[in-house]
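J.: Structure incoming, see below.
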Amino acid sequence: MIRSLFAPAMLAFAAAAPQAQAGVVINYSNFTGACGDGTLTCVGNAATPSSALRLTPAVDGQAGAGYSTTPITLGTGATFSTSFQFRLSQAGGIDPADGITFVLAQATNGLGGAGGGIGYSGVPNSVAIEFDTYDNGEVGASNHIGLDRNGSLNSSPVSSPYAVSYCHLFDNSYLSDGCMSNGKVWSAFINYDGTTQKLNVSVQQQGLALIQIISDYSIDVGSFLGTNSAYVGFTAATGAGHQNHDILNWQLATDTSITPGGNNVPEPASLALLAVAGIAALGARRRR
């Protein structure tokens, strides 16, 4: 499934959009109409009100997901690489919450648990990378990225981007650089080599340097999926806290060709181009 939208009004955005390359099977330069045209399965509160995939609006008690409509046959040993940009904005309620996950699952059974479940808890035969913005007592507190398995949010390994783990609403610390709920554009890169069974995850906040969150971590993704194909996509949820959870663009390959240095997604510095394209993204929630 390869999708690229280049309407005249989107020319500025398209100039900075992901460039398709060998092995790429998903290529959303934006998500305009994707929830209604059959290219993406959207469930719960997920929608495409603009050119972004909004997994949840900035309202308490929401949950949403967007998956590939058909399973993707992965590379050898479940090899894949992916890049996407996201923005979490308009935090409210008790704290920015709850975050998003990038998921590979054997079956698309709708949503997992809401609130602290980030729309992922309880999803069997799956692997996910969580981008968590609420402190439920985990390592990394209110700002961490971790590896999840089989619908469990007990992440391992887990790390706070830019070593920032304190991001709260009451003192506006969530607006600080390094807090994923700060409303800025973030780029994420996930690369898994099924031959070596090594996983790497990197992120970059608009205006900051690229950093590696997970480095050569050993995991057999195929053993968790139980197959060499998967439904792939994103989940998010809010609880007593909320934020807009927006995915701005997305590219996935069945090889390891998508890398941080590969010009796969617009650089965070291209925010001006994204604005010209009319991408609005906002966010917030709390885990229960």
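Every chain in the structure tokens has a letter given in the order shown (A, B, ...), and although residue numbers restart at 1 in each chain, ligands are simply numbered from 1 in the order shown.
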Pick out each residue of stretch 29-259 of chain A that DSSP on the backbone tags as helix (DSSP H, G or I); I need them as number ranges by chain.

T.: A: 76-78, 115-117, 161-163, 173-175, 221-225

J.: Which residues are near A:Ser152? Cut-off 7 Å, only C-alpha atoms, ignore same chain within fewer than 4 positions. Put them as a ChimeraX atom specification.

T.: /A:121-122,148

J.: Neighbours of A:Leu88 within 12 Å (only C-alpha atoms; same-chain residues fewer than 4 positions away dropped), as a PyMOL selection string?

T.: chain A and resi 52-58+92+96-100+131-133+174-175+179-187+205+236-238+242-248+280-285

J.: When you count only C-alpha atoms, which of these residues is closest to A:Gly116: A:Ser89, A:Ser68, A:Thr101, A:Thr41?

T.: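 The closest residue to A:Gly116 is A:Thr101.
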
J.: As a PyMOL selection string, which residues of stretch 4-145 of chain A does DSSP assign to strand (DSSP E)?

T.: chain A and resi 24-28+40-44+53-56+63-68+72-73+80-93+99-105+126-132+144-145

J.: Within 8 Å of stretch 199-201 of chain A, counting only C-alpha atoms, which residues qualify if same-chain residues fewer than 4 places away don't, as a ChimeraX atom specification?

T.: /A:188-193,212-219

J.: Selection from above, N, CA, C and O atoms, as a tab-separated table (two decimals), in the first residue's frame, can you write it?

T.:
chain	number	residue	atom	x	y	z
A	188	ALA	N	10.48	10.30	14.43
A	188	ALA	CA	10.85	9.01	15.02
A	188	ALA	C	11.33	8.07	13.93
A	188	ALA	O	10.77	8.05	12.82
A	189	PHE	N	12.35	7.28	14.24
A	189	PHE	CA	12.92	6.30	13.32
A	189	PHE	C	13.06	4.97	14.05
A	189	PHE	O	13.69	4.91	15.11
A	190	ILE	N	12.45	3.93	13.51
A	190	ILE	CA	12.51	2.60	14.12
A	190	ILE	C	13.04	1.63	13.06
A	190	ILE	O	12.50	1.58	11.95
A	191	ASN	N	14.08	0.89	13.40
A	191	ASN	CA	14.73	0.01	12.43
A	191	ASN	C	14.97	-1.34	13.09
A	191	ASN	O	15.64	-1.42	14.14
A	192	TYR	N	14.41	-2.41	12.51
A	192	TYR	CA	14.60	-3.75	13.06
A	192	TYR	C	15.15	-4.68	11.98
A	192	TYR	O	14.54	-4.84	10.92
A	193	ASP	N	16.30	-5.29	12.26
A	193	ASP	CA	16.93	-6.25	11.36
A	193	ASP	C	16.62	-7.65	11.87
A	193	ASP	O	17.14	-8.08	12.91
A	212	GLN	N	19.63	8.75	19.91
A	212	GLN	CA	19.25	7.34	19.87
A	212	GLN	C	18.68	6.95	21.23
A	212	GLN	O	19.29	7.19	22.27
A	213	ILE	N	17.50	6.33	21.20
A	213	ILE	CA	16.80	5.93	22.42
A	213	ILE	C	17.06	4.47	22.74
A	213	ILE	O	17.28	4.09	23.89
A	214	ILE	N	16.99	3.62	21.72
A	214	ILE	CA	17.25	2.18	21.87
A	214	ILE	C	18.33	1.82	20.86
A	214	ILE	O	18.20	2.14	19.67
A	215	SER	N	19.39	1.18	21.32
A	215	SER	CA	20.54	0.88	20.46
A	215	SER	C	20.84	-0.61	20.43
A	215	SER	O	21.15	-1.20	21.47
A	216	ASP	N	20.71	-1.22	19.25
A	216	ASP	CA	21.06	-2.63	19.04
A	216	ASP	C	20.50	-3.53	20.13
A	216	ASP	O	21.20	-4.39	20.69
A	217	TYR	N	19.22	-3.34	20.43
A	217	TYR	CA	18.58	-4.17	21.46
A	217	TYR	C	18.14	-5.50	20.85
A	217	TYR	O	17.50	-5.54	19.80
A	218	SER	N	18.46	-6.59	21.52
A	218	SER	CA	18.16	-7.92	21.01
A	218	SER	C	16.72	-8.31	21.31
A	218	SER	O	16.29	-8.32	22.48
A	219	ILE	N	15.96	-8.62	20.26
A	219	ILE	CA	14.58	-9.07	20.41
A	219	ILE	C	14.18	-9.85	19.16
A	219	ILE	O	14.58	-9.48	18.05

J.: For A:Ala253, work out the shell of residues within 6 Å, counting only C-alpha atoms and skipping chain neighbours fewer than 3 positions away, then give it as a ChimeraX atom specification.

T.: /A:23-25,80-81

J.: Just give me the gap between atom CA of A:Asn125 and atom CA of A:Thr82 in Å, one decimal is fine.

T.: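 Atom-to-atom, atom CA of A:Asn125 to atom CA of A:Thr82, that is 19.5 Å.
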